[in-house]
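What follows is a short report on a single structure.
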Amino acid sequence: MMKKRYSLDPENPKQAEQIESALLENLEPILPDSQQRARIHQRLLKK
Amino acid sequence: MSEILSDTVCLSTSDELIQLQNCVVAIGLHDENALQVLYDATLSRVYGLALRITRNKQSAEEVTEDVFWQVWRNARDFDPKRGSVIAWLLMMTRSRALDYLRRQDLAETSEEPESLVSEVALDENPQDLLCAIQNNKLLNAALLELEPIQRQLIAMAFFRGLTHEEITEFTGIALGTVKSHIRRALKRLQGILAEHLAEGIQ
């Protein structure tokens, strides 16, 4: 997994990673509005 | 412990996890439809995290676009033994968004500050951990058991990517105190989550 930067506890990164993952996986989602979705989609298609 | 935590707090069903994993394998073979499926299934989670970190809609869009572009290019790097697709995707998002924030902070010192004003699309503080994690009652309750200062320091490190030294600089709290608050909070969270799981099993 790409990581180790921005650890909650750089001196105990493995231990901190468990909590980081738990927080990340449980954040409330936020859907971008339709215009934003169209822009993101469009730019990805161009690539 | 790692497995215990992810089993306890992960919201996705195993069917969804397998479907997403299959998508990433197909994306690695340059299947555009698979990228579309993954994008539709995870956009709100990637964008939501990017927005909470950057606090700016346009920046969150750019980070989101960058993350899916990286997925397209690096899908073969995904290793299911090291975590779920969602974890991989969101760790990538957090890392990209914090990099973006750092670049903006550097630009802010020399360019027009008015162009970098935060634009938050939420009613509440997007970096308030209790508001950000409402769906998972167990994790929310665990966060609620922390001291407010511990929650705030964890949020600063989590959403702003600040090192302990930077938190000290920013808040004026002694480095040793920052470290002990964060470590105690992490330990407490792990303990609470493990305890709740044990109760659930009995």
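Scheme for the structure tokens: letters A, B, ... for chains in order shown; per-chain residue numbers from 1; ligand numbers from 1 in order shown.
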- Message: Residues within 7 Å of region 154-157 of chain B, please, as a PyMOL selection string. Count only C-alpha atoms; anything in the same chain fewer than 3 positions from it doesn't count.
- Response: (chain A and resi 8) or (chain B and resi 127-129+150-151+160-163+182)
Write out the residues from the selection above, keeping C-alpha atoms, as a PDB file, in the first residue's frame.
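Generated file (selection.pdb):
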```pdb
ATOM      1  CA  LEU A   8      -1.015  10.043  12.624  1.00  0.00           C
TER       2      LEU A   8
ATOM      3  CA  GLN B 127     -13.022  18.409   9.489  1.00  0.00           C
ATOM      4  CA  ASP B 128     -15.045  17.674  12.615  1.00  0.00           C
ATOM      5  CA  LEU B 129     -14.488  13.955  13.134  1.00  0.00           C
ATOM      6  CA  GLN B 150      -7.511  14.497  21.621  1.00  0.00           C
ATOM      7  CA  ARG B 151     -10.189  14.500  18.897  1.00  0.00           C
ATOM      8  CA  ARG B 160      -4.450  18.492   7.434  1.00  0.00           C
ATOM      9  CA  GLY B 161      -1.556  16.057   7.435  1.00  0.00           C
ATOM     10  CA  LEU B 162       0.243  18.058  10.110  1.00  0.00           C
ATOM     11  CA  THR B 163       3.199  16.429  11.830  1.00  0.00           C
ATOM     12  CA  ILE B 182      -2.357  11.549  20.003  1.00  0.00           C
TER      13      ILE B 182
END
```
- Who sits within 9 Å of region 26-37 of chain A, only C-alpha atoms, same chain under 5 positions skipped, as a PyMOL selection string: (chain A and resi 21+42) or (chain B and resi 9-11+42-49+51+57-58+61+129+131-136+139)
- Task: Please report, as a ChimeraX atom specification, each residue of chain B to which DSSP assigns alpha helix (DSSP H) when run on this structure's backbone.
- Result: /B:2-9,14-28,32-54,57-74,85-108,129-132,137-144,148-160,164-171,175-201
Once you count only C-alpha atoms, what closest atom pair and distance in Å to one decimal does each residue of chain A within 10 Å of region 63-85 of chain B have, with rows by chain and rising residue number, as CSV?
```
residue,atom,partner,partner_atom,distance
A:Met1,CA,B:Arg82,CA,6.4
A:Met2,CA,B:Asp77,CA,9.3
A:Ser21,CA,B:Gly83,CA,9.2
A:Glu25,CA,B:Ser84,CA,9.6
A:Arg39,CA,B:Glu65,CA,9.3
A:Ile40,CA,B:Glu65,CA,5.8
A:His41,CA,B:Glu65,CA,7.9
A:Gln42,CA,B:Glu65,CA,9.7
A:Arg43,CA,B:Glu65,CA,7.4
A:Leu44,CA,B:Glu65,CA,6.4
A:Leu45,CA,B:Trp69,CA,9.7
A:Lys47,CA,B:Trp69,CA,7.9
```
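Proximity to Leu144 (chain B) was assessed for B:Ile173, B:Ile192, B:Ile167, B:Ala60 counting only C-alpha atoms; the smallest distance is recorded for B:Ile192.
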- Task: Could you give me, as number ranges by chain, the residues within 7 Å of Ala16 (chain A), counting only C-alpha atoms and dropping anything in the same chain fewer than 5 positions from it?
- Result: A: 7-9; B: 186
- Note on the structure: Correct to one decimal, the distance CA of Asn12 (chain A)-CA of Arg184 (chain B) is 12.3 Å
- Query: Closest to chain A among B:Asp31, B:Asp99, B:Glu195, B:Glu16, using only C-alpha atoms?
  - Reply: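 Selected residue with least distance to chain A: B:Asp99.
Rounded to one decimal, CA of Gln190 (chain B) and CA of Pro13 (chain A) lie 13.9 Å from each other.
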- For Ala174 (chain B), work out the shell of residues within 10 Å, counting only C-alpha atoms and skipping chain neighbours fewer than 6 positions away, then give it as a PyMOL selection string. chain B and resi 164-165+167-168
